[in-house]
Amino acid sequence: MTQVSPLILQARAAGERAYCPYSDFHVGAAVETDIGIFEGCNVENASYSLTICAERVALFHAIAHGAKQFLRLAVSCVSALETDPPESRTPCGACRQVIAELLPPNALVEIDGVGVWRVEELLPLAFRIPREPTPNSETES
Ligand code: THU
């Protein structure tokens with residue numbers, strides 16, 4: 001049996017708490033930061049597009065608690081079957097963009113049952129704002 005990291009175990013536990021009555025697809029995430037580990041699970045809504053993924057809940061949870069440095073992320077699609085393809089366990093594109101914003105490019109993302117990737121491998125060419133915003137004369141007093 002392969003060794004499972006403590007961060008993956010926390011992601012799995014968070015996934016058990018998912019609110020996912022529409023998909024019944026439980027996902028959990030755990031992020032290690034400068035001030036500790038924060039968990040997240042997917043939270044769905046009857047207005048489907050309001051659903052938020054486990055990865056973003058974990059990262060926003062950490063931000064709300066004052067985390068400044070994001071060191072490592074673990075994700076577990078606990079409802080995925082062993083026979084399901086790896087793509088049914090990996091973070092969606094929107095979450096990859098948020099991960100790329102908050103974690104350094106060489107930080108590791110552990111994906112339960114799939115493997116470990118660096119952030120820059122999960123989303124090459126992530127979008128970044130190219131420069132400081134210029135003051136808008138209409139809104140500046
Ligand atoms: N989901 C996540 O939590 N993370 C992902 O990266 C992909 C999808 C959730 C959203 C929805 O609640 C369910 O999985 C099915 O798409």
# chains A, B, ... in the order shown; residues from 1 in each chain; ligands from 1
$ residues_near_ligand --ligand "ligand 1" --cutoff "9 Å" --atoms "only C-alpha atoms and all ligand atoms" --output "VMD selection string"
chain A and resid 15 18 to 29 40 to 45 48 51 to 57 75 to 77 88 to 96
$ residues_around --residues "Phe70 (chain A)" --least-positions-apart "6" --cutoff "8 Å" --atoms "only C-alpha atoms" --output "JSON, numbers by chain"
{"A": [31, 32, 33, 34, 102, 103, 104]}
$ write_last_selection --atoms "N, CA and C atoms" --output "mmCIF file, in the first residue's frame"
data_model
loop_
_atom_site.group_PDB
_atom_site.id
_atom_site.type_symbol
_atom_site.label_atom_id
_atom_site.label_comp_id
_atom_site.auth_asym_id
_atom_site.auth_seq_id
_atom_site.Cartn_x
_atom_site.Cartn_y
_atom_site.Cartn_z
ATOM 1 N N VAL A 31 -4.718 23.227 2.661
ATOM 2 C CA VAL A 31 -3.559 24.032 2.258
ATOM 3 C C VAL A 31 -2.711 24.341 3.488
ATOM 4 N N GLU A 32 -1.413 24.120 3.322
ATOM 5 C CA GLU A 32 -0.458 24.429 4.388
ATOM 6 C C GLU A 32 0.035 25.858 4.178
ATOM 7 N N THR A 33 -0.038 26.668 5.233
ATOM 8 C CA THR A 33 0.353 28.083 5.131
ATOM 9 C C THR A 33 1.311 28.447 6.263
ATOM 10 N N ASP A 34 1.730 29.711 6.234
ATOM 11 C CA ASP A 34 2.619 30.224 7.293
ATOM 12 C C ASP A 34 1.959 30.225 8.664
ATOM 13 N N LEU A 102 -1.969 32.376 -5.779
ATOM 14 C CA LEU A 102 -1.639 32.387 -4.351
ATOM 15 C C LEU A 102 -0.420 31.550 -3.979
ATOM 16 N N LEU A 103 -0.189 30.453 -4.672
ATOM 17 C CA LEU A 103 0.972 29.622 -4.332
ATOM 18 C C LEU A 103 2.123 29.961 -5.267
ATOM 19 N N PRO A 104 3.364 29.847 -4.788
ATOM 20 C CA PRO A 104 4.495 30.099 -5.686
ATOM 21 C C PRO A 104 4.548 29.062 -6.816
#
$ atom_distance --atom1 "CA of Val114 (chain A)" --atom2 "CA of Pro86 (chain A)"
6.0 Å
$ atom_distance --atom1 "CA of Ser79 (chain A)" --atom2 "CA of Glu16 (chain A)"
9.1 Å
$ atom_distance --atom1 "CA of Val116 (chain A)" --atom2 "CA of Ala74 (chain A)"
8.9 Å
$ residues_around --residues "Asn106 (chain A)" --least-positions-apart "2" --cutoff "10 Å" --atoms "only C-alpha atoms" --output "list of chain:residue names"
A:Leu71, A:Arg72, A:Ala100, A:Leu103, A:Pro104, A:Leu108, A:Val109, A:Trp117, A:Arg118, A:Val119, A:Glu120, A:Glu121
$ write_last_selection --atoms "N, CA and C atoms" --output "CSV table (one decimal), in the first residue's frame"
chain,number,residue,atom,x,y,z
A,71,LEU,N,2.1,27.2,1.1
A,71,LEU,CA,3.3,26.4,0.9
A,71,LEU,C,3.0,25.1,0.1
A,72,ARG,N,1.8,24.5,0.3
A,72,ARG,CA,1.5,23.2,-0.3
A,72,ARG,C,0.0,23.0,-0.2
A,100,ALA,N,-2.6,29.4,-8.9
A,100,ALA,CA,-1.4,30.1,-9.5
A,100,ALA,C,-1.2,31.5,-8.9
A,103,LEU,N,-0.2,30.5,-4.7
A,103,LEU,CA,1.0,29.6,-4.3
A,103,LEU,C,2.1,30.0,-5.3
A,104,PRO,N,3.4,29.8,-4.8
A,104,PRO,CA,4.5,30.1,-5.7
A,104,PRO,C,4.5,29.1,-6.8
A,108,LEU,N,4.1,22.7,-4.4
A,108,LEU,CA,3.6,21.3,-4.8
A,108,LEU,C,2.1,21.2,-4.5
A,109,VAL,N,1.4,20.6,-5.5
A,109,VAL,CA,0.0,20.3,-5.3
A,109,VAL,C,-0.1,18.8,-5.4
A,117,TRP,N,2.2,17.6,-8.5
A,117,TRP,CA,2.6,18.5,-9.5
A,117,TRP,C,3.0,19.9,-8.9
A,118,ARG,N,3.9,20.6,-9.6
A,118,ARG,CA,4.2,21.9,-9.3
A,118,ARG,C,3.1,22.8,-9.8
A,119,VAL,N,2.8,23.9,-9.2
A,119,VAL,CA,1.8,24.9,-9.6
A,119,VAL,C,2.0,25.2,-11.1
A,120,GLU,N,3.2,25.5,-11.5
A,120,GLU,CA,3.4,26.0,-12.8
A,120,GLU,C,3.2,24.9,-13.9
A,121,GLU,N,3.2,23.6,-13.4
A,121,GLU,CA,2.9,22.5,-14.3
A,121,GLU,C,1.4,22.4,-14.5
$ select_by_dssp --residues "chain A" --states "strand (DSSP E)" --output "list of chain:residue names"
A:Val27, A:Gly28, A:Ala29, A:Ala30, A:Val31, A:Glu32, A:Thr33, A:Gly36, A:Ile37, A:Phe38, A:Glu39, A:Gly40, A:Cys41, A:Phe70, A:Leu71, A:Arg72, A:Leu73, A:Ala74, A:Val75, A:Ser76, A:Cys77, A:Leu108, A:Val109, A:Glu110, A:Ile111, A:Gly115, A:Val116, A:Trp117, A:Arg118
$ write_last_selection --atoms "C-alpha atoms" --output "PDB file, in the first residue's frame"
ATOM      1  CA  VAL A  27     -14.168  17.046  -2.866  1.00  0.00           C
ATOM      2  CA  GLY A  28     -11.837  18.170  -0.095  1.00  0.00           C
ATOM      3  CA  ALA A  29      -8.719  20.318   0.004  1.00  0.00           C
ATOM      4  CA  ALA A  30      -6.143  21.279   2.603  1.00  0.00           C
ATOM      5  CA  VAL A  31      -3.559  24.032   2.258  1.00  0.00           C
ATOM      6  CA  GLU A  32      -0.458  24.429   4.388  1.00  0.00           C
ATOM      7  CA  THR A  33       0.353  28.083   5.131  1.00  0.00           C
ATOM      8  CA  GLY A  36      -1.230  26.599   9.807  1.00  0.00           C
ATOM      9  CA  ILE A  37      -3.348  24.271   7.721  1.00  0.00           C
ATOM     10  CA  PHE A  38      -6.774  25.252   6.384  1.00  0.00           C
ATOM     11  CA  GLU A  39      -9.371  22.940   4.904  1.00  0.00           C
ATOM     12  CA  GLY A  40     -12.127  23.385   2.373  1.00  0.00           C
ATOM     13  CA  CYS A  41     -14.883  21.352   0.752  1.00  0.00           C
ATOM     14  CA  PHE A  70       0.880  29.272   0.842  1.00  0.00           C
ATOM     15  CA  LEU A  71       3.266  26.365   0.928  1.00  0.00           C
ATOM     16  CA  ARG A  72       1.516  23.231  -0.300  1.00  0.00           C
ATOM     17  CA  LEU A  73      -1.977  22.131  -1.335  1.00  0.00           C
ATOM     18  CA  ALA A  74      -3.639  18.718  -1.223  1.00  0.00           C
ATOM     19  CA  VAL A  75      -6.846  17.844  -3.074  1.00  0.00           C
ATOM     20  CA  SER A  76      -8.992  14.749  -2.756  1.00  0.00           C
ATOM     21  CA  CYS A  77     -11.983  13.893  -4.924  1.00  0.00           C
ATOM     22  CA  LEU A 108       3.597  21.348  -4.801  1.00  0.00           C
ATOM     23  CA  VAL A 109      -0.021  20.302  -5.310  1.00  0.00           C
ATOM     24  CA  GLU A 110      -0.779  16.754  -4.206  1.00  0.00           C
ATOM     25  CA  ILE A 111      -3.747  15.158  -5.923  1.00  0.00           C
ATOM     26  CA  GLY A 115       0.280  12.353  -8.156  1.00  0.00           C
ATOM     27  CA  VAL A 116       2.130  15.532  -7.265  1.00  0.00           C
ATOM     28  CA  TRP A 117       2.592  18.546  -9.543  1.00  0.00           C
ATOM     29  CA  ARG A 118       4.195  21.947  -9.272  1.00  0.00           C
TER      30      ARG A 118
END
$ select_by_dssp --residues "chain A" --states "alpha helix (DSSP H)" --output "PyMOL selection string"
chain A and resi 6-16+54-64+93-102+119-122
